[in-house]
Amino acid sequence: TAKDFNSFDELIREYLQCGIEVFGLETGIVSHIDQDQIYHVMDVISPVEALVKDMEFPLADTYCKEVYTTEKVMGFPKVGDLNFMECHPVYVQLKLEAYLSAPIYVEDKLYGTFNFTSVTPRENGFSQNEHNLIELMANSIGNFILLRSKEDKLLELNDKLKRFVGFVSHDLRNPIAGIIGMSRILEKQLDNEKMLQKMMQY
């Protein structure tokens with residue numbers, strides 16, 4: 001989490017690879033959940049061919065609905081042992097047993113989830129250290145998203161400022177050029193009072 005990353009894609013990919021290794025789970029996903037509760041897979045590393053980047057699901061059809069509802073880190077060592085999860089679409093279709101996930105926040109708003117799953121149960125459950133680590137990693141992703149958003153806004157403002165300066169300089173160039181030209185002509189007519197008065201009228 002202390003490493004510098006040049007791109008969001010690079011950060012996500014490395015965090016997923018790290019999480020798979022540290023938590024000992026097969027599949028890692030970073031998701032974004034929009035206001036319509038659509039679950040967008042921003043990136044994924046998985047042996048399950050059905051899971052690919054840029055897929056979208058209704059949030060209700062994902063394990064992450066529980067994280068979205070509680071806004072807390074959640075760990076299910078064996079989903080099949082949970083009465084409220086055994087009929088879940090993901091469990092029925094993919095038989096994903098172990099699940100560990102943390103919410104990603106951007107400026108105190110729930111952005112999505114950082115989660116890991118496996119078809120193999122976690123017999124000893126998930127430790128508090130693992131809960132703390134995935135929360136720390138999810139917070140780091142959220143901070144990166146926030147910084148990227150601010151950088152994009154600054155670049156947008158800079159572009160607007162450049163366009164504004166361009167418009168102003170164009171609009172002022174002709175009148176200023178006229179004033180300068182007239183001033184030079186007036187300089188040459190300083191001894192001719194009638195001509196000066198006539199030119200000043202313009």
# chains A, B, ... in the order shown; residues from 1 in each chain; ligands from 1

$ residues_around --residues "Val30 in chain A" --least-positions-apart "4" --cutoff "12 Å" --atoms "only C-alpha atoms" --output "VMD selection string"
chain A and resid 8 to 9 11 to 17 19 39 to 46 51 to 55 64 101 to 104 111 to 117 134 137 to 138 141 to 142

$ atom_distance --atom1 "CA of Thr70 in chain A" --atom2 "CA of Phe23 in chain A"
21.8 Å

$ atom_distance --atom1 "CA of Lys95 in chain A" --atom2 "CA of Glu21 in chain A"
20.7 Å

$ select_by_dssp --residues "range 58-118 of chain A" --states "helix (DSSP H, G or I)" --output "list in words"
Leu59, Ala60, Asp61, Cys64, Lys65, Glu66, Val67, Tyr68, Thr69, Thr70, Val79, Gly80, Asp81, Pro89, Val90, Tyr91, Val92, Gln93 and Leu94 of chain A

$ atom_distance --atom1 "CA of Gly28 in chain A" --atom2 "CA of Glu107 in chain A"
23.8 Å

$ select_by_dssp --residues "range 40-169 of chain A" --states "strand (DSSP E or B)" --output "ChimeraX atom specification"
/A:40-45,56-58,74-76,98-106,109-118

$ write_last_selection --atoms "N, CA and C atoms" --output "compact mmCIF listing (two decimals), in the first residue's frame"
# COMPACT_ATOMS: atom_id res chain seq x y z
N HIS A 40 -20.33 -3.17 -11.45
CA HIS A 40 -19.41 -3.13 -12.59
C HIS A 40 -18.08 -3.76 -12.17
N VAL A 41 -17.61 -4.75 -12.91
CA VAL A 41 -16.31 -5.37 -12.64
C VAL A 41 -15.24 -4.49 -13.28
N MET A 42 -14.50 -3.75 -12.46
CA MET A 42 -13.46 -2.86 -12.97
C MET A 42 -12.21 -3.64 -13.36
N ASP A 43 -11.91 -4.69 -12.60
CA ASP A 43 -10.84 -5.61 -12.96
C ASP A 43 -11.02 -6.89 -12.17
N VAL A 44 -10.50 -7.98 -12.71
CA VAL A 44 -10.66 -9.28 -12.06
C VAL A 44 -9.49 -10.18 -12.43
N ILE A 45 -9.07 -10.97 -11.47
CA ILE A 45 -8.13 -12.06 -11.72
C ILE A 45 -8.81 -13.31 -11.20
N GLU A 56 -21.09 -6.60 -16.08
CA GLU A 56 -22.03 -5.90 -15.20
C GLU A 56 -23.09 -6.89 -14.72
N PHE A 57 -23.48 -6.71 -13.44
CA PHE A 57 -24.53 -7.54 -12.85
C PHE A 57 -25.43 -6.66 -12.00
N PRO A 58 -26.66 -7.07 -11.80
CA PRO A 58 -27.45 -6.42 -10.74
C PRO A 58 -26.76 -6.70 -9.40
N MET A 74 -16.69 -7.93 5.30
CA MET A 74 -17.42 -9.16 5.56
C MET A 74 -16.59 -10.35 5.10
N GLY A 75 -16.63 -11.42 5.89
CA GLY A 75 -15.94 -12.65 5.53
C GLY A 75 -16.84 -13.86 5.76
N PHE A 76 -17.04 -14.66 4.73
CA PHE A 76 -17.81 -15.90 4.84
C PHE A 76 -16.86 -17.06 4.57
N ALA A 98 -15.66 -19.59 -0.09
CA ALA A 98 -15.02 -18.59 0.77
C ALA A 98 -15.15 -17.20 0.14
N TYR A 99 -15.40 -16.20 0.97
CA TYR A 99 -15.61 -14.83 0.46
C TYR A 99 -15.12 -13.83 1.50
N LEU A 100 -14.28 -12.90 1.07
CA LEU A 100 -13.79 -11.82 1.93
C LEU A 100 -13.87 -10.53 1.13
N SER A 101 -14.48 -9.50 1.71
CA SER A 101 -14.70 -8.26 0.95
C SER A 101 -14.71 -7.05 1.87
N ALA A 102 -14.26 -5.93 1.30
CA ALA A 102 -14.28 -4.65 2.02
C ALA A 102 -14.89 -3.58 1.13
N PRO A 103 -15.64 -2.65 1.70
CA PRO A 103 -16.19 -1.54 0.90
C PRO A 103 -15.09 -0.55 0.53
N ILE A 104 -15.21 0.02 -0.65
CA ILE A 104 -14.31 1.08 -1.09
C ILE A 104 -15.07 2.41 -0.96
N TYR A 105 -14.51 3.33 -0.21
CA TYR A 105 -15.13 4.64 -0.02
C TYR A 105 -14.34 5.72 -0.75
N VAL A 106 -15.04 6.65 -1.35
CA VAL A 106 -14.43 7.83 -1.94
C VAL A 106 -15.16 9.04 -1.36
N LYS A 109 -18.35 8.29 0.52
CA LYS A 109 -19.42 7.67 -0.26
C LYS A 109 -18.97 6.28 -0.71
N LEU A 110 -19.87 5.31 -0.60
CA LEU A 110 -19.54 3.96 -1.00
C LEU A 110 -19.39 3.89 -2.51
N TYR A 111 -18.20 3.55 -2.96
CA TYR A 111 -17.88 3.52 -4.39
C TYR A 111 -18.05 2.12 -4.98
N GLY A 112 -17.63 1.11 -4.23
CA GLY A 112 -17.67 -0.27 -4.72
C GLY A 112 -17.07 -1.21 -3.68
N THR A 113 -16.54 -2.34 -4.15
CA THR A 113 -15.98 -3.32 -3.23
C THR A 113 -14.65 -3.86 -3.74
N PHE A 114 -13.86 -4.34 -2.80
CA PHE A 114 -12.59 -5.02 -3.07
C PHE A 114 -12.76 -6.40 -2.46
N ASN A 115 -12.88 -7.43 -3.29
CA ASN A 115 -13.28 -8.73 -2.74
C ASN A 115 -12.53 -9.92 -3.35
N PHE A 116 -12.51 -10.99 -2.57
CA PHE A 116 -11.84 -12.22 -2.97
C PHE A 116 -12.73 -13.41 -2.64
N THR A 117 -12.73 -14.40 -3.54
CA THR A 117 -13.55 -15.59 -3.34
C THR A 117 -12.78 -16.83 -3.79
N SER A 118 -13.32 -17.99 -3.39
CA SER A 118 -12.72 -19.26 -3.77
C SER A 118 -13.76 -20.37 -3.68

$ closest_residue --among "A:Val22, A:Ala60, A:Leu96, A:Ile29" --to "His131 in chain A" --atoms "only C-alpha atoms"
A:Val22

$ closest_residue --among "A:Val119, A:Ser149, A:Lys72, A:Asn139" --to "Tyr91 in chain A" --atoms "only C-alpha atoms"
A:Val119

$ closest_residue --among "A:Thr27, A:Pro77, A:Gln37, A:Leu82" --to "Phe126 in chain A" --atoms "only C-alpha atoms"
A:Pro77
